[in-house]
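Participant: Can you keep this structure in mind? I'll have questions shortly.
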Amino acid sequence: MEDFDRFEEELLQKYVYGRLTKLVALFGFLIGMGFIFMVHPAPDKPIDADMEIKVPGLVCSSCAIGIKKYLKKEINVKYVAFDIYKNLVFVDFVEKDDRVLYLKNDKLITLIKKAGYEVTSIKRLDNKQPSRYNKP
């Protein structure tokens with residue numbers, strides 16, 4: 001009877017370990033293929049953002065994923081970052097011949113509305129020189 005219990009326990013461990021391994025591999029594959037976006041509440045490092053958009057309903061990473069999905073479809077958008085504590089979306093646009101290829105404000109508002117959110121302000125970050133209000 002003791003051998004049977006040990007055999008049953010080993011079989012259960014192999015089954016659970018096998019399922020867990022497959023799940024981890026699938027999750028890694030989906031992240032690698034870009035199907036799952038890893039969104040941080042605030043950017044780890046400052047990006048060279050060209051535009052800052054205030055979105056009041058942006059309170060969690062799931063909200064950010066929805067907005068990112070619509071913005072990344074545009075060819076001019078190079079990178080999108082979020083600060084959910086301040087309800088901000090930072091967009092870095094593609095540059096060509098030392099000119100930033102911005103999207104029009106109406107287009108940005110439409111894309112964010114398609115994601116289900118409102119826009120309260122859009123600010124271009126053209127002047128990248130530090131001022132007395134910026135952190136060094």
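Letters A, B, ... go to the chains of the structure tokens in the order shown; residues in each chain start at 1; ligands are counted from 1 in the same order.
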Mind checking which residues fall within 10 Å of segment 95-107 of chain A, counting only C-alpha atoms, ignoring those fewer than 5 positions away in the same chain, and posting them as a list in words?

Facilitator: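 Contacts, with the query itself left out: Asp50, Met51, Ile53, Leu71, Glu74, Ile75, Asn76, Val77, Lys78, Ile112, Lys113, Ser121, Ile122, Lys123, Arg124 and Asp126 of chain A.
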
Participant: Within 12 Å of Ala64 of chain A, counting only C-alpha atoms, which residues show up once you throw out same-chain ones fewer than 4 positions away? Write them as an MDAnalysis selection string, please.

Facilitator: chainID A and resid 37:42 55:60 68:72 80:85 87:90 112 115:117

Participant: Report, in Å with one decimal, the straight-line distance from atom CA of Leu111 of chain A to atom CA of Tyr79 of chain A.

Facilitator: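 Value for the atom CA of Leu111 of chain A-atom CA of Tyr79 of chain A distance: 15.3 Å.
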
Participant: Between atom CA of Lys73 of chain A and atom CA of Leu108 of chain A, what is the distance in Å, rounded to a tenth?

Facilitator: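 Pair atom CA of Lys73 of chain A / atom CA of Leu108 of chain A returns 11.6 Å.
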
Participant: Determine, counting only C-alpha atoms, which protein, DNA and RNA residues have an atom within 8 Å of an atom of Ala49 of chain A; residues of the same chain fewer than 6 positions away are not included. Present the result as a PDB file with C-alpha atoms, in the first residue's frame.

Facilitator:
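Just written: selection-v4.pdb:
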```pdb
ATOM      1  CA  PHE A  90       3.701  59.541 -23.425  1.00  0.00           C
ATOM      2  CA  VAL A  91       4.054  59.039 -27.165  1.00  0.00           C
ATOM      3  CA  ASP A  92       7.323  58.979 -29.082  1.00  0.00           C
ATOM      4  CA  PHE A  93       6.855  59.528 -32.811  1.00  0.00           C
ATOM      5  CA  LEU A 125       7.052  68.409 -25.809  1.00  0.00           C
TER       6      LEU A 125
END
```

Participant: How many Å lie between atom CA of Glu118 of chain A and atom CA of Lys54 of chain A, rounded to one decimal?

Facilitator: 8.7 Å
